[in-house]
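Novice: Can you read through this structure? Questions will come right after.
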Amino acid sequence: MKIELAENYGFCFGVKRAIKIAEENINAATYGPLIHNSKEIARLDRDFEVGLVEDFKTFKAGEKAIVRTHGIVKQELKELKESGVNVVDATCPFVTKPQEIAQEMSEAGYDVVIFGDEAHPEIKGVKSYATHGAKVVTNVFDLVDLKLNEKIALIAQTTRKVEDYMEIANYLIPRHKEVRVFNTICNATFENQEAVRKLSKRADIMIIIGGKNSSNTKQLSSISHDFCANSHHIEDENDIDYSWFNSKKLCGISAGASTPDWIIQNVVNSIEECVNSLKITN
Ligand code: F3S
């Protein structure tokens, strides 16, 4: 069985940047998980003493709080700063952008519609910047009963599938006088998704590596499933069931934007060892 990595996979610019910031701030704590990968968070704690705080109110004046890649709610950021906490902002610039758009459009009188997961920290953050509130939708059906005014500003979670975003835009455009569609899906997401699309069309088994709560990994897994029924979303090599590889010729591998190289390498090594030692039939 041949193993092939997607043309683009793994750590994106925003995650690399956030990890560098964390490594440079020994003894600080992140507010919420810095990225959606518990194993990398544990490494930062072990090697750089960067802790994790779940409630921003527990930070005391003078302490260092690192704002996670997905950003935080506007009001919480304000309170942290006002209480004398030393705030180190690791929000990805591709997340800061939709926050700014939400604020600007809301202030300009547009109804802000966000395509994304309401429970995701990125969306909680972006929504909080819309001065007059925002509606969060996950599909076209969510739009049917929404009361929206004539001017709409549409924003997408950075990790969403572009085809799904187009469906939302296509529904809104003929029904409203003005619909401003902002392309807030980030390039890393586009590139990783396009690469997984290409590889999953050829592979007879796909392994997608990343945190189970990582939105962009879930999107990669969903695309992979569209083209390859034998697609498996795993967190690391411990989730592998080696019988998956029986009678397979090409194993494609991709990984979410918050999956570190060392986890990807462990997975590749484990699959290679298994194929060699157990003599998987193919
Ligand atoms: Fe930023 Fe895109 Fe990564 S939004 S954190 S560069 S997936």
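Ordered as shown in the structure tokens, chains take letters A, B, and onward, while each chain numbers its residues from 1 and ligands are numbered from 1 in the order shown.
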Taking only C-alpha atoms and all ligand atoms and a cut-off of 7 Å, can you tell me which residues surround ligand 1, written as number ranges by chain?
Specialist: A: 12-15, 69-70, 92-95, 158-159, 186-189, 216, 257
Novice: Output the selection as a PDB file, in the first residue's frame - C-alpha atoms for each residue.
Specialist:
ATOM      1  CA  CYS A  12      -1.604  27.150   8.980  1.00  0.00           C
ATOM      2  CA  PHE A  13      -0.076  30.590   9.258  1.00  0.00           C
ATOM      3  CA  GLY A  14      -2.372  31.621  12.134  1.00  0.00           C
ATOM      4  CA  VAL A  15      -1.626  28.562  14.248  1.00  0.00           C
ATOM      5  CA  THR A  69      -6.184  31.948  17.710  1.00  0.00           C
ATOM      6  CA  HIS A  70      -9.988  31.994  17.376  1.00  0.00           C
ATOM      7  CA  CYS A  92      -5.307  35.016  13.832  1.00  0.00           C
ATOM      8  CA  PRO A  93      -5.443  38.088  11.524  1.00  0.00           C
ATOM      9  CA  PHE A  94      -7.903  36.131   9.343  1.00  0.00           C
ATOM     10  CA  VAL A  95     -10.238  36.091  12.364  1.00  0.00           C
ATOM     11  CA  THR A 158     -12.961  31.090   8.330  1.00  0.00           C
ATOM     12  CA  THR A 159     -12.967  27.298   8.058  1.00  0.00           C
ATOM     13  CA  CYS A 186      -9.105  31.837   4.884  1.00  0.00           C
ATOM     14  CA  ASN A 187      -6.557  30.763   2.258  1.00  0.00           C
ATOM     15  CA  ALA A 188      -5.130  27.973   4.391  1.00  0.00           C
ATOM     16  CA  THR A 189      -8.612  26.493   4.546  1.00  0.00           C
ATOM     17  CA  ASN A 216     -11.420  22.862   9.944  1.00  0.00           C
ATOM     18  CA  ALA A 257      -4.678  23.466  10.470  1.00  0.00           C
TER      19      ALA A 257
END
Novice: List the spatial neighbours of Ser258 in chain A as a list of chain:residue names - criterion: any atom at most 8 Å away, only C-alpha atoms, same-chain residues fewer than 2 positions off excluded.
Specialist: A:Gly10, A:Phe11, A:Cys12, A:Val15, A:Ile35, A:His36, A:Asn37, A:Gly210, A:Gly211, A:Ser214, A:Gly256, A:Pro260
Novice: Give me every helix (DSSP H, G or I) residue in range 153-259 of chain A, going by DSSP on the backbone, as a ChimeraX atom specification.
Specialist: /A:162-175,187-202,215-227,237-239,242-245
Novice: Store the residues of this selection in a file with N, CA and C atoms, as a tab-separated table (two decimals), in the first residue's frame.
Specialist:
chain	number	residue	atom	x	y	z
A	162	VAL	N	-16.51	26.36	0.89
A	162	VAL	CA	-16.97	27.45	0.03
A	162	VAL	C	-18.29	27.11	-0.67
A	163	GLU	N	-18.49	25.84	-1.05
A	163	GLU	CA	-19.73	25.44	-1.74
A	163	GLU	C	-20.94	25.72	-0.83
A	164	ASP	N	-20.79	25.43	0.46
A	164	ASP	CA	-21.90	25.65	1.40
A	164	ASP	C	-22.16	27.15	1.58
A	165	TYR	N	-21.09	27.93	1.56
A	165	TYR	CA	-21.23	29.39	1.71
A	165	TYR	C	-21.98	29.97	0.50
A	166	MET	N	-21.65	29.44	-0.68
A	166	MET	CA	-22.31	29.90	-1.92
A	166	MET	C	-23.82	29.64	-1.85
A	167	GLU	N	-24.20	28.53	-1.26
A	167	GLU	CA	-25.64	28.22	-1.15
A	167	GLU	C	-26.36	29.30	-0.34
A	168	ILE	N	-25.73	29.72	0.74
A	168	ILE	CA	-26.33	30.76	1.60
A	168	ILE	C	-26.44	32.06	0.82
A	169	ALA	N	-25.34	32.43	0.13
A	169	ALA	CA	-25.33	33.68	-0.65
A	169	ALA	C	-26.39	33.62	-1.75
A	170	ASN	N	-26.47	32.48	-2.43
A	170	ASN	CA	-27.44	32.33	-3.53
A	170	ASN	C	-28.89	32.43	-3.05
A	171	TYR	N	-29.12	32.04	-1.82
A	171	TYR	CA	-30.48	32.15	-1.26
A	171	TYR	C	-30.80	33.62	-0.96
A	172	LEU	N	-29.84	34.32	-0.39
A	172	LEU	CA	-30.10	35.70	0.06
A	172	LEU	C	-30.18	36.71	-1.09
A	173	ILE	N	-29.28	36.56	-2.08
A	173	ILE	CA	-29.16	37.59	-3.12
A	173	ILE	C	-30.49	37.92	-3.81
A	174	PRO	N	-31.26	36.95	-4.30
A	174	PRO	CA	-32.51	37.35	-4.98
A	174	PRO	C	-33.60	37.87	-4.04
A	175	ARG	N	-33.43	37.73	-2.74
A	175	ARG	CA	-34.51	38.09	-1.79
A	175	ARG	C	-34.29	39.44	-1.11
A	187	ASN	N	-7.29	31.46	3.32
A	187	ASN	CA	-6.56	30.76	2.26
A	187	ASN	C	-6.09	29.39	2.67
A	188	ALA	N	-5.63	29.28	3.92
A	188	ALA	CA	-5.13	27.97	4.39
A	188	ALA	C	-6.25	26.95	4.29
A	189	THR	N	-7.46	27.38	4.61
A	189	THR	CA	-8.61	26.49	4.55
A	189	THR	C	-8.87	26.08	3.10
A	190	PHE	N	-8.86	27.09	2.19
A	190	PHE	CA	-9.06	26.80	0.76
A	190	PHE	C	-8.04	25.77	0.28
A	191	GLU	N	-6.77	26.03	0.60
A	191	GLU	CA	-5.70	25.19	0.08
A	191	GLU	C	-5.78	23.77	0.63
A	192	ASN	N	-6.00	23.65	1.95
A	192	ASN	CA	-6.09	22.31	2.54
A	192	ASN	C	-7.32	21.56	2.00
A	193	GLN	N	-8.42	22.29	1.80
A	193	GLN	CA	-9.64	21.64	1.31
A	193	GLN	C	-9.46	21.19	-0.14
A	194	GLU	N	-8.84	22.05	-0.95
A	194	GLU	CA	-8.65	21.70	-2.36
A	194	GLU	C	-7.74	20.47	-2.47
A	195	ALA	N	-6.70	20.44	-1.65
A	195	ALA	CA	-5.75	19.32	-1.69
A	195	ALA	C	-6.42	18.02	-1.25
A	196	VAL	N	-7.29	18.09	-0.23
A	196	VAL	CA	-7.95	16.87	0.24
A	196	VAL	C	-8.96	16.40	-0.81
A	197	ARG	N	-9.57	17.35	-1.50
A	197	ARG	CA	-10.53	17.01	-2.55
A	197	ARG	C	-9.81	16.21	-3.65
A	198	LYS	N	-8.65	16.72	-4.07
A	198	LYS	CA	-7.90	16.06	-5.15
A	198	LYS	C	-7.46	14.66	-4.74
A	199	LEU	N	-6.89	14.56	-3.55
A	199	LEU	CA	-6.33	13.27	-3.11
A	199	LEU	C	-7.43	12.24	-2.83
A	200	SER	N	-8.53	12.67	-2.23
A	200	SER	CA	-9.58	11.71	-1.86
A	200	SER	C	-10.28	11.12	-3.10
A	201	LYS	N	-10.15	11.80	-4.24
A	201	LYS	CA	-10.73	11.26	-5.48
A	201	LYS	C	-9.93	10.04	-5.96
A	202	ARG	N	-8.64	9.99	-5.59
A	202	ARG	CA	-7.77	8.90	-6.07
A	202	ARG	C	-7.55	7.82	-5.02
A	215	SER	N	-12.84	22.58	13.97
A	215	SER	CA	-13.81	22.82	12.90
A	215	SER	C	-13.20	22.54	11.53
A	216	ASN	N	-11.97	23.03	11.29
A	216	ASN	CA	-11.42	22.86	9.94
A	216	ASN	C	-11.10	21.40	9.65
A	217	THR	N	-10.74	20.62	10.70
A	217	THR	CA	-10.49	19.19	10.47
A	217	THR	C	-11.80	18.49	10.12
A	218	LYS	N	-12.89	18.91	10.79
A	218	LYS	CA	-14.19	18.30	10.48
A	218	LYS	C	-14.59	18.59	9.03
A	219	GLN	N	-14.28	19.82	8.57
A	219	GLN	CA	-14.61	20.16	7.17
A	219	GLN	C	-13.79	19.30	6.21
A	220	LEU	N	-12.50	19.10	6.53
A	220	LEU	CA	-11.66	18.27	5.66
A	220	LEU	C	-12.22	16.85	5.60
A	221	SER	N	-12.63	16.36	6.76
A	221	SER	CA	-13.17	15.01	6.84
A	221	SER	C	-14.46	14.90	6.02
A	222	SER	N	-15.29	15.94	6.09
A	222	SER	CA	-16.54	15.93	5.33
A	222	SER	C	-16.26	15.91	3.82
A	223	ILE	N	-15.30	16.71	3.36
A	223	ILE	CA	-14.95	16.72	1.93
A	223	ILE	C	-14.41	15.35	1.53
A	224	SER	N	-13.54	14.81	2.37
A	224	SER	CA	-12.95	13.51	2.07
A	224	SER	C	-14.03	12.44	1.93
A	225	HIS	N	-15.01	12.46	2.82
A	225	HIS	CA	-16.12	11.50	2.76
A	225	HIS	C	-16.91	11.64	1.46
A	226	ASP	N	-16.99	12.88	0.93
A	226	ASP	CA	-17.74	13.09	-0.32
A	226	ASP	C	-17.15	12.26	-1.46
A	227	PHE	N	-15.82	12.06	-1.42
A	227	PHE	CA	-15.17	11.38	-2.55
A	227	PHE	C	-14.61	10.00	-2.20
A	237	GLU	N	-2.22	8.37	16.31
A	237	GLU	CA	-2.05	6.97	15.88
A	237	GLU	C	-2.83	5.98	16.74
A	238	ASN	N	-3.18	6.38	17.96
A	238	ASN	CA	-3.91	5.46	18.84
A	238	ASN	C	-5.34	5.19	18.36
A	239	ASP	N	-5.84	6.05	17.50
A	239	ASP	CA	-7.22	5.87	16.99
A	239	ASP	C	-7.28	4.96	15.76
A	242	TYR	N	-6.05	-1.04	12.35
A	242	TYR	CA	-5.20	-1.44	11.22
A	242	TYR	C	-5.91	-2.30	10.18
A	243	SER	N	-7.08	-2.83	10.58
A	243	SER	CA	-7.82	-3.63	9.58
A	243	SER	C	-8.34	-2.72	8.45
A	244	TRP	N	-8.41	-1.40	8.72
A	244	TRP	CA	-8.87	-0.47	7.68
A	244	TRP	C	-8.04	-0.61	6.40
A	245	PHE	N	-6.76	-0.98	6.56
A	245	PHE	CA	-5.84	-0.90	5.42
A	245	PHE	C	-5.81	-2.17	4.57
Novice: Mind listing the strand (DSSP E) residues of range 8-247 of chain A, per DSSP on the backbone, as a ChimeraX atom specification?
Specialist: /A:29-31,51-53,64-67,86-89,111-115,134-137,151-156,178-181,205-209,231-234
Novice: With N, CA and C atoms kept, could you save the residues just selected as a short mmCIF file (atom, residue, chain, number, x, y, z; two decimals), in the first residue's frame?
Specialist:
data_model
loop_
_atom_site.label_atom_id
_atom_site.label_comp_id
_atom_site.auth_asym_id
_atom_site.auth_seq_id
_atom_site.Cartn_x
_atom_site.Cartn_y
_atom_site.Cartn_z
N ALA A 29 -0.61 32.36 30.49
CA ALA A 29 -1.72 31.40 30.35
C ALA A 29 -2.59 31.85 29.19
N THR A 30 -3.14 30.89 28.46
CA THR A 30 -4.04 31.25 27.38
C THR A 30 -5.46 31.30 27.94
N TYR A 31 -6.27 32.19 27.40
CA TYR A 31 -7.68 32.21 27.80
C TYR A 31 -8.42 31.31 26.82
N GLY A 51 0.02 27.88 30.62
CA GLY A 51 -1.16 27.20 31.16
C GLY A 51 -2.42 27.54 30.38
N LEU A 52 -3.53 27.05 30.89
CA LEU A 52 -4.82 27.25 30.23
C LEU A 52 -5.83 27.71 31.28
N VAL A 53 -6.47 28.85 31.01
CA VAL A 53 -7.48 29.38 31.93
C VAL A 53 -8.81 29.40 31.20
N LYS A 64 -0.16 37.59 32.62
CA LYS A 64 -0.17 37.62 31.15
C LYS A 64 -1.24 36.69 30.62
N ALA A 65 -2.15 37.23 29.80
CA ALA A 65 -3.20 36.41 29.20
C ALA A 65 -3.00 36.38 27.69
N ILE A 66 -2.85 35.19 27.13
CA ILE A 66 -2.71 35.07 25.67
C ILE A 66 -4.10 34.82 25.08
N VAL A 67 -4.50 35.69 24.17
CA VAL A 67 -5.80 35.51 23.50
C VAL A 67 -5.62 34.46 22.40
N ASN A 86 -2.06 41.84 31.44
CA ASN A 86 -1.20 42.08 30.30
C ASN A 86 -1.67 41.16 29.15
N VAL A 87 -2.39 41.75 28.19
CA VAL A 87 -3.00 40.94 27.12
C VAL A 87 -2.05 40.78 25.93
N VAL A 88 -1.77 39.53 25.58
CA VAL A 88 -0.95 39.24 24.40
C VAL A 88 -1.89 38.63 23.37
N ASP A 89 -2.09 39.34 22.27
CA ASP A 89 -3.14 38.92 21.33
C ASP A 89 -2.61 37.96 20.27
N ASP A 111 -27.88 44.27 8.32
CA ASP A 111 -28.15 43.11 9.17
C ASP A 111 -27.00 42.12 8.93
N VAL A 112 -26.30 41.76 9.98
CA VAL A 112 -25.15 40.87 9.81
C VAL A 112 -25.60 39.42 9.94
N VAL A 113 -25.30 38.63 8.90
CA VAL A 113 -25.60 37.20 8.92
C VAL A 113 -24.26 36.46 8.88
N ILE A 114 -24.08 35.56 9.84
CA ILE A 114 -22.82 34.81 9.90
C ILE A 114 -23.11 33.35 9.60
N PHE A 115 -22.37 32.79 8.63
CA PHE A 115 -22.52 31.37 8.31
C PHE A 115 -21.45 30.63 9.13
N ALA A 134 -26.17 39.90 15.53
CA ALA A 134 -25.99 39.18 14.26
C ALA A 134 -26.74 37.87 14.33
N LYS A 135 -27.15 37.37 13.16
CA LYS A 135 -27.83 36.07 13.09
C LYS A 135 -26.82 35.05 12.60
N VAL A 136 -26.77 33.91 13.30
CA VAL A 136 -25.84 32.86 12.88
C VAL A 136 -26.63 31.72 12.25
N VAL A 137 -26.22 31.30 11.06
CA VAL A 137 -26.94 30.22 10.38
C VAL A 137 -25.97 29.12 9.98
N LYS A 151 -30.84 45.38 3.72
CA LYS A 151 -29.38 45.39 3.52
C LYS A 151 -28.73 44.33 4.41
N ILE A 152 -28.05 43.40 3.74
CA ILE A 152 -27.46 42.27 4.48
C ILE A 152 -25.95 42.26 4.28
N ALA A 153 -25.23 41.97 5.34
CA ALA A 153 -23.78 41.70 5.22
C ALA A 153 -23.57 40.25 5.61
N LEU A 154 -22.98 39.48 4.71
CA LEU A 154 -22.81 38.05 4.93
C LEU A 154 -21.33 37.74 5.19
N ILE A 155 -21.11 37.02 6.28
CA ILE A 155 -19.74 36.68 6.71
C ILE A 155 -19.70 35.17 6.94
N ALA A 156 -18.56 34.53 6.63
CA ALA A 156 -18.45 33.09 6.88
C ALA A 156 -17.39 32.80 7.95
N GLU A 178 -29.88 44.55 -1.13
CA GLU A 178 -28.41 44.64 -1.14
C GLU A 178 -27.85 43.54 -0.25
N VAL A 179 -26.99 42.72 -0.84
CA VAL A 179 -26.33 41.67 -0.06
C VAL A 179 -24.83 41.80 -0.28
N ARG A 180 -24.12 42.14 0.77
CA ARG A 180 -22.66 42.23 0.65
C ARG A 180 -22.06 40.94 1.17
N VAL A 181 -21.42 40.20 0.26
CA VAL A 181 -20.86 38.89 0.62
C VAL A 181 -19.35 39.04 0.82
N ILE A 205 -8.38 4.81 0.71
CA ILE A 205 -8.62 5.08 2.13
C ILE A 205 -7.99 6.44 2.45
N MET A 206 -8.70 7.22 3.26
CA MET A 206 -8.19 8.54 3.64
C MET A 206 -8.14 8.63 5.17
N ILE A 207 -7.03 9.17 5.66
CA ILE A 207 -6.88 9.40 7.10
C ILE A 207 -6.77 10.92 7.30
N ILE A 208 -7.68 11.48 8.07
CA ILE A 208 -7.67 12.93 8.34
C ILE A 208 -7.32 13.10 9.81
N ILE A 209 -6.22 13.79 10.08
CA ILE A 209 -5.73 13.87 11.45
C ILE A 209 -6.02 15.25 12.06
N SER A 231 -13.11 7.09 4.70
CA SER A 231 -12.39 8.22 5.28
C SER A 231 -12.53 8.16 6.79
N HIS A 232 -11.42 8.38 7.49
CA HIS A 232 -11.43 8.27 8.96
C HIS A 232 -10.80 9.52 9.57
N HIS A 233 -11.53 10.13 10.49
CA HIS A 233 -11.00 11.29 11.24
C HIS A 233 -10.40 10.77 12.54
N ILE A 234 -9.10 10.92 12.70
CA ILE A 234 -8.44 10.43 13.92
C ILE A 234 -7.70 11.57 14.61
#
Novice: From the options A:Lys20, A:Val275, A:Lys39, A:Lys249, which residue's atoms come nearest to Lys212 in chain A, counting only C-alpha atoms?
Specialist: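 Among the listed residues, the smallest separation from Lys212 in chain A belongs to A:Lys39.
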Novice: Smallest atom-to-atom distance to Met105 in chain A: which of A:Leu44, A:Ile264, A:Ala119, A:Ala130, using only C-alpha atoms?
Specialist: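 Between A:Leu44, A:Ile264, A:Ala119, A:Ala130, the residue approaching Met105 in chain A most closely is A:Ala130.
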Novice: Enter the distance from CA of Tyr129 in chain A to CA of Glu107 in chain A, in Å, rounded to one decimal.
Specialist: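 Answer for the CA of Tyr129 in chain A to CA of Glu107 in chain A separation: 9.9 Å.
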